[in-house]
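Containing JSON, C-alpha atoms and all ligand atoms: protein09.json.
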[["chain", "number", "residue", "atom", "x", "y", "z"],
["X", 1371, "MET", "CA", 0.00, 0.00, 0.00],
["X", 1372, "PRO", "CA", 1.50, 3.41, -0.88],
["X", 1373, "ALA", "CA", 2.31, 5.74, 2.01],
["X", 1374, "SER", "CA", -0.31, 8.33, 2.88],
["X", 1375, "PRO", "CA", 0.65, 11.74, 1.42],
["X", 1376, "ASN", "CA", 0.54, 13.04, 5.01],
["X", 1377, "HIS", "CA", 3.15, 10.57, 6.23],
["X", 1378, "LEU", "CA", 6.75, 10.20, 5.13],
["X", 1379, "SER", "CA", 7.97, 6.66, 4.63],
["X", 1380, "ASP", "CA", 10.74, 5.62, 7.01],
["X", 1381, "SER", "CA", 13.17, 5.34, 4.10],
["X", 1382, "GLN", "CA", 12.34, 8.88, 2.94],
["X", 1383, "VAL", "CA", 13.11, 10.21, 6.43],
["X", 1384, "THR", "CA", 16.53, 8.55, 6.19],
["X", 1385, "VAL", "CA", 17.19, 9.88, 2.70],
["X", 1386, "ASP", "CA", 16.18, 13.40, 3.72],
["X", 1387, "ALA", "CA", 18.24, 13.32, 6.93],
["X", 1388, "ILE", "CA", 21.36, 12.12, 5.10],
["X", 1389, "GLU", "CA", 20.84, 14.75, 2.40],
["X", 1390, "SER", "CA", 20.61, 17.45, 5.06],
["X", 1391, "PHE", "CA", 24.36, 17.00, 5.70],
["X", 1392, "ALA", "CA", 25.37, 16.94, 2.03],
["X", 1393, "HIS", "CA", 26.33, 20.60, 1.92],
["X", 1394, "ALA", "CA", 28.46, 20.78, 5.05],
["X", 1395, "THR", "CA", 31.35, 23.25, 4.87],
["X", 1396, "ASP", "CA", 33.71, 20.39, 5.67],
["X", 1397, "PRO", "CA", 32.90, 17.59, 3.16],
["X", 1398, "ARG", "CA", 34.42, 14.90, 5.39],
["X", 1399, "MET", "CA", 32.22, 16.06, 8.28],
["X", 1400, "GLY", "CA", 29.15, 15.91, 6.02],
["X", 1401, "HIS", "CA", 30.09, 12.41, 4.84],
["X", 1402, "VAL", "CA", 30.65, 11.10, 8.39],
["X", 1403, "MET", "CA", 27.41, 12.62, 9.66],
["X", 1404, "GLY", "CA", 25.47, 11.17, 6.71],
["X", 1405, "LEU", "CA", 26.84, 7.71, 7.49],
["X", 1406, "LEU", "CA", 26.03, 8.16, 11.18],
["X", 1407, "VAL", "CA", 22.44, 9.03, 10.29],
["X", 1408, "LYS", "CA", 22.21, 6.06, 7.94],
["X", 1409, "HIS", "CA", 23.36, 3.56, 10.57],
["X", 1410, "LEU", "CA", 21.42, 5.10, 13.47],
["X", 1411, "HIS", "CA", 18.24, 5.02, 11.40],
["X", 1412, "ALA", "CA", 18.94, 1.39, 10.52],
["X", 1413, "PHE", "CA", 19.37, 0.64, 14.23],
["X", 1414, "VAL", "CA", 16.03, 2.31, 15.04],
["X", 1415, "ALA", "CA", 14.29, 0.38, 12.26],
["X", 1416, "GLU", "CA", 15.84, -3.00, 13.02],
["X", 1417, "SER", "CA", 15.25, -2.78, 16.79],
["X", 1418, "HIS", "CA", 11.73, -1.33, 16.37],
["X", 1419, "LEU", "CA", 12.82, 1.15, 19.04],
["X", 1420, "THR", "CA", 9.90, 2.25, 21.20],
["X", 1421, "LYS", "CA", 9.36, 5.83, 22.33],
["X", 1422, "ALA", "CA", 9.95, 4.75, 25.93],
["X", 1423, "GLU", "CA", 13.31, 3.20, 24.96],
["X", 1424, "TRP", "CA", 14.28, 6.31, 22.98],
["X", 1425, "LEU", "CA", 13.44, 8.48, 26.00],
["X", 1426, "LYS", "CA", 15.52, 6.20, 28.21],
["X", 1427, "GLY", "CA", 18.44, 6.74, 25.84],
["X", 1428, "LEU", "CA", 18.03, 10.51, 26.10],
["X", 1429, "GLU", "CA", 17.89, 10.24, 29.89],
["X", 1430, "PHE", "CA", 21.13, 8.25, 29.78],
["X", 1431, "LEU", "CA", 22.87, 10.97, 27.74],
["X", 1432, "THR", "CA", 21.50, 13.68, 30.03],
["X", 1433, "ALA", "CA", 22.83, 11.86, 33.09],
["X", 1434, "ALA", "CA", 26.20, 11.46, 31.36],
["X", 1435, "ALA", "CA", 26.32, 15.21, 30.72],
["X", 1436, "LYS", "CA", 25.46, 16.02, 34.34],
["X", 1437, "ILE", "CA", 28.32, 13.94, 35.76],
["X", 1438, "THR", "CA", 30.92, 14.97, 33.19],
["X", 1439, "THR", "CA", 33.60, 17.44, 34.33],
["X", 1440, "ASP", "CA", 37.06, 18.47, 33.14],
["X", 1441, "GLU", "CA", 38.48, 15.60, 35.21],
["X", 1442, "ARG", "CA", 35.88, 12.94, 34.49],
["X", 1443, "ASN", "CA", 34.24, 12.37, 31.09],
["X", 1444, "GLU", "CA", 31.31, 9.93, 31.13],
["X", 1445, "PHE", "CA", 30.96, 10.09, 27.34],
["X", 1446, "SER", "CA", 34.54, 8.94, 26.93],
["X", 1447, "LEU", "CA", 33.81, 6.05, 29.29],
["X", 1448, "PHE", "CA", 30.65, 5.21, 27.35],
["X", 1449, "SER", "CA", 32.69, 5.11, 24.14],
["X", 1450, "ASP", "CA", 35.20, 2.80, 25.86],
["X", 1451, "VAL", "CA", 32.69, 0.27, 27.23],
["X", 1452, "MET", "CA", 30.82, 0.17, 23.91],
["X", 1453, "GLY", "CA", 34.07, -0.80, 22.19],
["X", 1454, "ILE", "CA", 33.94, 2.34, 20.04],
["X", 1455, "SER", "CA", 37.28, 3.68, 21.31],
["X", 1456, "SER", "CA", 38.95, 0.38, 20.45],
["X", 1457, "MET", "CA", 37.27, 0.28, 17.04],
["X", 1458, "VAL", "CA", 38.63, 3.76, 16.27],
["X", 1459, "ASP", "CA", 42.08, 2.47, 17.30],
["X", 1460, "VAL", "CA", 41.75, -0.53, 15.01],
["X", 1461, "VAL", "CA", 40.55, 1.31, 11.90],
["X", 1462, "SER", "CA", 42.94, 4.27, 12.28],
["X", 1463, "GLN", "CA", 46.09, 2.25, 12.97],
["X", 1464, "PRO", "CA", 48.72, 2.29, 10.20],
["X", 1465, "PRO", "CA", 49.90, -1.25, 9.35],
["X", 1466, "GLY", "CA", 53.24, -2.55, 10.54],
["X", 1467, "GLY", "CA", 53.69, -0.84, 13.90],
["X", 1468, "THR", "CA", 53.03, -1.75, 17.52],
["X", 1469, "PRO", "CA", 49.27, -2.13, 18.11],
["X", 1470, "SER", "CA", 47.59, 0.90, 19.61],
["X", 1471, "SER", "CA", 45.19, 0.75, 22.54],
["X", 1472, "VAL", "CA", 42.86, 3.07, 24.40],
["X", 1473, "LEU", "CA", 44.14, 6.31, 25.94],
["X", 1474, "GLY", "CA", 41.88, 6.03, 28.98],
["X", 1475, "PRO", "CA", 40.76, 8.93, 31.18],
["X", 1476, "PHE", "CA", 43.88, 9.43, 33.30],
["X", 1477, "HIS", "CA", 46.44, 10.83, 30.87],
["X", 1478, "ASN", "CA", 48.01, 14.10, 32.00],
["X", 1479, "HIS", "CA", 49.64, 16.33, 29.38],
["X", 1480, "ASP", "CA", 51.67, 17.99, 32.11],
["X", 1481, "SER", "CA", 53.77, 15.04, 33.25],
["X", 1482, "ASN", "CA", 57.27, 16.10, 34.28],
["X", 1483, "VAL", "CA", 60.17, 15.34, 31.94],
["X", 1484, "ARG", "CA", 62.48, 12.94, 33.76],
["X", 1485, "ALA", "CA", 65.89, 11.57, 32.84],
["X", 1486, "ASN", "CA", 66.07, 8.35, 30.85],
["X", 1487, "GLY", "CA", 66.77, 5.71, 33.49],
["X", 1488, "CYS", "CA", 64.73, 7.48, 36.19],
["X", 1489, "ASP", "CA", 63.27, 5.88, 39.31],
["X", 1490, "LEU", "CA", 59.53, 6.61, 39.61],
["X", 1491, "THR", "CA", 58.99, 4.51, 42.73],
["X", 1492, "ASP", "CA", 59.97, 7.17, 45.30],
["X", 1493, "GLY", "CA", 59.72, 4.87, 48.31],
["X", 1494, "GLN", "CA", 56.12, 3.82, 47.72],
["X", 1495, "ALA", "CA", 54.62, 0.34, 48.09],
["X", 1496, "GLY", "CA", 54.65, -2.00, 45.14],
["X", 1497, "GLU", "CA", 56.69, -4.71, 43.44],
["X", 1498, "ARG", "CA", 59.59, -3.06, 41.62],
["X", 1499, "VAL", "CA", 59.68, -3.56, 37.86],
["X", 1500, "TRP", "CA", 62.46, -2.38, 35.56],
["X", 1501, "LEU", "CA", 60.74, -1.37, 32.32],
["X", 1502, "HIS", "CA", 63.09, -1.05, 29.37],
["X", 1503, "GLY", "CA", 63.31, -1.43, 25.61],
["X", 1504, "ARG", "CA", 63.80, 0.42, 22.36],
["X", 1505, "VAL", "CA", 61.81, 2.52, 19.91],
["X", 1506, "LEU", "CA", 62.29, 1.19, 16.37],
["X", 1507, "ASP", "CA", 60.97, 1.82, 12.89],
["X", 1508, "VAL", "CA", 59.26, -0.91, 10.85],
["X", 1509, "HIS", "CA", 62.69, -2.01, 9.53],
["X", 1510, "GLN", "CA", 63.91, -2.53, 13.11],
["X", 1511, "ASN", "CA", 66.19, 0.52, 12.94],
["X", 1512, "PRO", "CA", 66.37, 2.52, 16.18],
["X", 1513, "ILE", "CA", 64.66, 5.91, 16.28],
["X", 1514, "ALA", "CA", 67.05, 8.21, 18.13],
["X", 1515, "HIS", "CA", 65.59, 10.50, 20.80],
["X", 1516, "ALA", "CA", 62.00, 9.25, 20.54],
["X", 1517, "GLN", "CA", 59.78, 10.51, 23.36],
["X", 1518, "ILE", "CA", 58.06, 8.25, 25.87],
["X", 1519, "ASP", "CA", 55.05, 9.46, 27.88],
["X", 1520, "PHE", "CA", 54.33, 6.95, 30.66],
["X", 1521, "TRP", "CA", 51.66, 6.62, 33.37],
["X", 1522, "GLN", "CA", 50.09, 3.90, 35.52],
["X", 1523, "ASN", "CA", 48.18, 3.32, 38.74],
["X", 1524, "ALA", "CA", 49.68, 2.90, 42.19],
["X", 1525, "ASP", "CA", 49.82, -0.19, 44.41],
["X", 1526, "ASN", "CA", 46.32, 0.62, 45.72],
["X", 1527, "GLY", "CA", 44.96, 0.45, 42.17],
["X", 1528, "LEU", "CA", 44.31, 4.20, 41.96],
["X", 1529, "TYR", "CA", 45.64, 6.95, 39.72],
["X", 1530, "PRO", "CA", 46.61, 10.31, 41.28],
["X", 1531, "ALA", "CA", 43.38, 11.87, 39.95],
["X", 1532, "GLN", "CA", 41.44, 9.36, 42.09],
["X", 1533, "ASP", "CA", 43.60, 9.55, 45.20],
["X", 1534, "SER", "CA", 44.44, 12.85, 46.91],
["X", 1535, "ALA", "CA", 47.14, 11.09, 48.97],
["X", 1536, "GLN", "CA", 49.25, 10.71, 45.82],
["X", 1537, "ASP", "CA", 51.41, 13.42, 44.34],
["X", 1538, "PRO", "CA", 49.79, 14.44, 41.01],
["X", 1539, "GLN", "CA", 53.04, 13.40, 39.28],
["X", 1540, "ASN", "CA", 53.18, 9.98, 40.93],
["X", 1541, "LEU", "CA", 54.18, 7.10, 38.62],
["X", 1542, "ARG", "CA", 54.12, 9.19, 35.47],
["X", 1543, "CYS", "CA", 56.77, 10.93, 33.38],
["X", 1544, "LYS", "CA", 57.96, 11.96, 29.98],
["X", 1545, "LEU", "CA", 61.45, 10.95, 28.94],
["X", 1546, "VAL", "CA", 63.61, 11.02, 25.82],
["X", 1547, "CYS", "CA", 65.26, 7.86, 24.49],
["X", 1548, "ASP", "CA", 69.00, 7.86, 23.81],
["X", 1549, "GLU", "CA", 70.60, 7.88, 20.36],
["X", 1550, "LYS", "CA", 70.04, 4.11, 20.08],
["X", 1551, "GLY", "CA", 66.32, 4.51, 20.75],
["X", 1552, "GLU", "CA", 66.75, 2.89, 24.15],
["X", 1553, "PHE", "CA", 64.73, 3.81, 27.22],
["X", 1554, "ASN", "CA", 64.46, 2.49, 30.75],
["X", 1555, "LEU", "CA", 62.85, 3.40, 34.04],
["X", 1556, "LEU", "CA", 62.07, 1.82, 37.39],
["X", 1557, "THR", "CA", 58.43, 1.58, 38.33],
["X", 1558, "ILE", "CA", 56.08, -0.83, 40.10],
["X", 1559, "ARG", "CA", 53.74, -3.57, 38.96],
["X", 1560, "PRO", "CA", 50.38, -2.04, 37.97],
["X", 1561, "HIS", "CA", 47.06, -3.43, 39.21],
["X", 1562, "PRO", "CA", 43.63, -4.19, 37.74],
["X", 1563, "TYR", "CA", 41.02, -1.55, 38.48],
["X", 1564, "THR", "CA", 37.34, -0.93, 37.91],
["X", 1565, "VAL", "CA", 36.02, 1.76, 35.61],
["X", 1566, "PRO", "CA", 33.95, 4.41, 37.46],
["X", 1567, "THR", "CA", 30.57, 2.90, 38.34],
["X", 1568, "ASP", "CA", 28.85, 5.85, 40.05],
["X", 1569, "GLY", "CA", 27.39, 7.26, 36.83],
["X", 1570, "PRO", "CA", 25.00, 6.11, 34.10],
["X", 1571, "VAL", "CA", 27.68, 3.94, 32.46],
["X", 1572, "GLY", "CA", 28.09, 2.05, 35.73],
["X", 1573, "ALA", "CA", 24.31, 1.55, 35.86],
["X", 1574, "LEU", "CA", 24.39, 0.28, 32.26],
["X", 1575, "LEU", "CA", 27.16, -2.21, 33.06],
["X", 1576, "ALA", "CA", 25.27, -3.44, 36.15],
["X", 1577, "ALA", "CA", 22.01, -3.82, 34.24],
["X", 1578, "SER", "CA", 23.89, -5.76, 31.58],
["X", 1579, "ASN", "CA", 25.61, -8.05, 34.11],
["X", 1580, "ARG", "CA", 28.93, -6.94, 32.66],
["X", 1581, "ASN", "CA", 32.42, -7.04, 34.12],
["X", 1582, "ILE", "CA", 33.56, -3.63, 35.41],
["X", 1583, "TRP", "CA", 37.29, -4.42, 35.65],
["X", 1584, "ARG", "CA", 40.28, -3.64, 33.48],
["X", 1585, "PRO", "CA", 43.39, -5.86, 33.62],
["X", 1586, "ALA", "CA", 46.64, -4.38, 34.97],
["X", 1587, "HIS", "CA", 48.43, -2.20, 32.40],
["X", 1588, "TYR", "CA", 51.05, 0.43, 31.76],
["X", 1589, "HIS", "CA", 50.01, 3.39, 29.59],
["X", 1590, "VAL", "CA", 52.55, 4.61, 27.04],
["X", 1591, "ILE", "CA", 52.51, 7.24, 24.29],
["X", 1592, "VAL", "CA", 55.49, 7.02, 21.94],
["X", 1593, "SER", "CA", 56.29, 9.83, 19.54],
["X", 1594, "ALA", "CA", 59.08, 10.96, 17.23],
["X", 1595, "PRO", "CA", 59.23, 13.60, 14.48],
["X", 1596, "GLY", "CA", 58.20, 12.15, 11.12],
["X", 1597, "TYR", "CA", 56.44, 9.13, 12.64],
["X", 1598, "VAL", "CA", 52.80, 8.40, 13.46],
["X", 1599, "GLY", "CA", 52.36, 8.80, 17.21],
["X", 1600, "LEU", "CA", 51.47, 5.65, 19.14],
["X", 1601, "VAL", "CA", 49.01, 5.55, 22.06],
["X", 1602, "THR", "CA", 49.14, 2.13, 23.62],
["X", 1603, "GLU", "CA", 49.21, -0.03, 26.75],
["X", 1604, "LEU", "CA", 51.32, -2.93, 27.98],
["X", 1605, "PHE", "CA", 49.51, -5.72, 29.84],
["X", 1606, "PRO", "CA", 51.52, -7.96, 32.21],
["X", 1607, "ALA", "CA", 50.75, -11.57, 31.34],
["X", 1608, "GLY", "CA", 48.65, -13.42, 33.87],
["X", 1609, "SER", "CA", 46.82, -10.35, 35.18],
["X", 1610, "ASP", "CA", 43.26, -10.88, 36.29],
["X", 1611, "TYR", "CA", 40.73, -9.79, 33.64],
["X", 1612, "ILE", "CA", 43.25, -9.97, 30.79],
["X", 1613, "ASP", "CA", 40.70, -12.03, 28.87],
["X", 1614, "ASN", "CA", 37.76, -9.80, 29.85],
["X", 1615, "ASP", "CA", 38.79, -6.15, 29.64],
["X", 1616, "THR", "CA", 35.64, -4.07, 30.03],
["X", 1617, "VAL", "CA", 36.96, -1.53, 27.48],
["X", 1618, "PHE", "CA", 38.29, -4.13, 24.99],
["X", 1619, "GLY", "CA", 41.84, -2.70, 25.03],
["X", 1620, "VAL", "CA", 43.93, -5.90, 25.17],
["X", 1621, "ARG", "CA", 45.78, -6.94, 21.99],
["X", 1622, "PRO", "CA", 47.90, -10.11, 21.85],
["X", 1623, "GLY", "CA", 50.95, -8.07, 20.79],
["X", 1624, "LEU", "CA", 50.70, -5.92, 23.92],
["X", 1625, "ILE", "CA", 50.84, -8.70, 26.52],
["X", 1626, "VAL", "CA", 54.27, -8.66, 28.22],
["X", 1627, "ASP", "CA", 56.03, -11.12, 30.51],
["X", 1628, "VAL", "CA", 57.26, -9.87, 33.88],
["X", 1629, "LYS", "CA", 60.51, -11.81, 34.18],
["X", 1630, "PRO", "CA", 63.29, -12.09, 36.77],
["X", 1631, "CYS", "CA", 66.42, -10.05, 35.99],
["X", 1632, "GLN", "CA", 69.92, -10.68, 37.33],
["X", 1633, "ASP", "CA", 71.57, -7.48, 36.05],
["X", 1634, "SER", "CA", 73.68, -6.33, 39.00],
["X", 1635, "GLU", "CA", 74.51, -2.93, 37.43],
["X", 1636, "VAL", "CA", 70.81, -2.12, 37.23],
["X", 1637, "ALA", "CA", 70.22, -3.52, 40.71],
["X", 1638, "ASN", "CA", 72.97, -1.29, 42.15],
["X", 1639, "ARG", "CA", 71.69, 1.77, 40.28],
["X", 1640, "PHE", "CA", 68.21, 1.41, 41.77],
["X", 1641, "GLY", "CA", 69.14, -0.11, 45.13],
["X", 1642, "LEU", "CA", 67.52, -3.46, 44.31],
["X", 1643, "THR", "CA", 68.59, -6.98, 45.10],
["X", 1644, "THR", "CA", 68.82, -9.59, 42.36],
["X", 1645, "PRO", "CA", 66.75, -11.13, 41.00],
["X", 1646, "PHE", "CA", 64.31, -8.25, 40.47],
["X", 1647, "LYS", "CA", 61.47, -8.08, 37.96],
["X", 1648, "GLN", "CA", 61.74, -6.64, 34.48],
["X", 1649, "VAL", "CA", 59.55, -5.98, 31.46],
["X", 1650, "ALA", "CA", 61.36, -5.64, 28.13],
["X", 1651, "PHE", "CA", 59.43, -4.27, 25.16],
["X", 1652, "ASP", "CA", 60.37, -2.68, 21.83],
["X", 1653, "PHE", "CA", 57.90, -0.19, 20.37],
["X", 1654, "CYS", "CA", 57.63, 0.09, 16.60],
["X", 1655, "LEU", "CA", 56.55, 3.34, 14.93],
["X", 1656, "VAL", "CA", 55.32, 3.79, 11.36],
["X", 1657, "LYS", "CA", 56.60, 6.69, 9.24],
["X", 1658, "GLN", "CA", 54.08, 9.40, 8.44],
["X", 1659, "ALA", "CA", 52.80, 9.19, 4.87],
["X", 1701, "FE", "FE", 44.59, 2.81, 32.91]]
Translate this file's structure into structure tokens.
Ligand SMILES: [Fe+2]
Amino acid sequence: MPASPNHLSDSQVTVDAIESFAHATDPRMGHVMGLLVKHLHAFVAESHLTKAEWLKGLEFLTAAAKITTDERNEFSLFSDVMGISSMVDVVSQPPGGTPSSVLGPFHNHDSNVRANGCDLTDGQAGERVWLHGRVLDVHQNPIAHAQIDFWQNADNGLYPAQDSAQDPQNLRCKLVCDEKGEFNLLTIRPHPYTVPTDGPVGALLAASNRNIWRPAHYHVIVSAPGYVGLVTELFPAGSDYIDNDTVFGVRPGLIVDVKPCQDSEVANRFGLTTPFKQVAFDFCLVKQA
């Protein structure tokens, strides 16, 4: 039966809504918005979304806006637990380099620059881990003076932004690799932690009977002039939740062994006794096109 002249067909609504973005000043923006409309309309049609469910979705977004601050972004968390952040990582990653992974909410642009070979432990609790490796190009050549931006949580599982007892610069730093692309620092073993559950995303995870934990990880951003910057994480093997990361950040190539180390020079430098624990990992950057 043909549609009543007083009622648009559902497909005409979609066509018209996509067309409404066709003349955007930024053509890429218009293209992306048109695709977003296309797929959101398909979702509404396929799910036969009710008005009550649509209103519930709006209430969710409103609650996310109310709890979002400069320090805590519920929309970013929503993107993470929906796997969108990881999908953006996957589709935007240039081939050949170290896998990227989610940035997470606790990165601080203002981390202090520390010397290569620094000790971040500063007398705090936690199993000492010597983290070291190289920054290489896709041909395994070292990238001299690449920059490492590093951060992690403390032995209580909290980041400084969650724990006023910690110095804001605790267990984070920027450092510059040497001419051979080598870096090293002393830190502690990171711990699994839960994503924030006091907002609408937490309610969504609870209603979905979903895990709220992330496995233990180190956060690292690696950059060098002329290369595509890498935002990634290293996951100590055997950590709880490594097979069930609530933000889908684990990649097989980012799982690292925490192994005993007998290097007495390193032990003396950091005041450790052998054997101590080490993580060795080489990052690989892809040249900018
Ligand atoms: Fe994290």
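Using all atoms listed in the file, the nearest neighbour of Val1598 in chain X within the list X:Ile1612, X:Val1617, X:Cys1631, X:Cys1654 is X:Cys1654.
You can rank X:Arg1498, X:Arg1398, X:His1411, X:His1515 by their closest distance to Gln1648 in chain X using all atoms listed in the file, and at the top of that list sits X:Arg1498.
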With a distance cut-off of 8 Å and all atoms listed in the file, select the neighbouring residues of Asn1554 in chain X, excluding the residue or stretch itself and same-chain residues fewer than 3 positions from it, and output the selection as a ChimeraX atom specification. /X:1486-1488,1500-1503
Save the residues we just selected, C-alpha atoms, as a CSV table (one decimal), keeping the file's coordinate frame?
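So the final result, stored in part.csv, reads:
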chain,number,residue,atom,x,y,z
X,1486,ASN,CA,66.1,8.4,30.8
X,1487,GLY,CA,66.8,5.7,33.5
X,1488,CYS,CA,64.7,7.5,36.2
X,1500,TRP,CA,62.5,-2.4,35.6
X,1501,LEU,CA,60.7,-1.4,32.3
X,1502,HIS,CA,63.1,-1.0,29.4
X,1503,GLY,CA,63.3,-1.4,25.6
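Note that the spacing between CA of Asn1511 in chain X and CA of Arg1621 in chain X amounts to 23.5 Å.
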List every protein, DNA or RNA residue that has an atom no more than 12 Å from (49.9, -3.1, 33.2) in the file's coordinate frame, counting all atoms listed in the file, and report them as a ChimeraX atom specification. /X:1499,1501,1520-1525,1527,1557-1563,1584-1590,1602-1612,1619-1620,1624-1628,1649
Hey, what's within 7 Å of range 1442-1458 of chain X if we count only C-alpha atoms and toss same-chain stuff fewer than 5 positions away? As JSON, numbers by chain, please? {"X": [1434, 1437, 1471, 1472, 1571, 1616, 1617, 1618, 1619]}
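Distance annotation: of X:Pro1570, X:Val1505, X:His1479, X:Asp1440, the residue with the minimal separation from Gly1427 in chain X is X:Pro1570; atom set is all atoms listed in the file.
For the residues X:Glu1441, X:Val1383, X:Glu1389, X:Pro1645, ranking by smallest atom-to-atom distance to His1401 in chain X using only C-alpha atoms places X:Glu1389 first.
Compared by their closest atoms to Leu1556 in chain X, and using all atoms listed in the file, the residues X:Gly1466, X:Gly1496, X:Pro1595, X:Pro1397 rank with X:Gly1496 nearest.
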Using only the atoms of range 1489-1493 of chain X listed in the file, plus 4 Å on each side, state the axis-aligned box centre and edge lengths in Å rounded to one decimal, as lines of an AutoDock Vina configuration file.
center_x = 61.1
center_y = 5.8
center_z = 43.8
size_x = 12.3
size_y = 10.7
size_z = 17.0
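Using all atoms listed in the file, the smallest distance between any of X:Pro1530, X:Gly1493, X:Pro1465, X:Pro1512 and ligand FE 1701 (chain X) comes from X:Pro1530.
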Residue neighbourhood Thr1468 in chain X, 10 Å, all atoms listed in the file, exclusion window fewer than 6 positions, as a list in words: Leu1506, Asp1507, Val1508, Leu1600, Val1601, Thr1602, Arg1621, Gly1623, Leu1624, Asp1652, Phe1653, Cys1654, Leu1655 and Val1656 of chain X
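A straight line drawn from CA of Ile1518 in chain X to CA of Lys1544 in chain X is 5.5 Å long.
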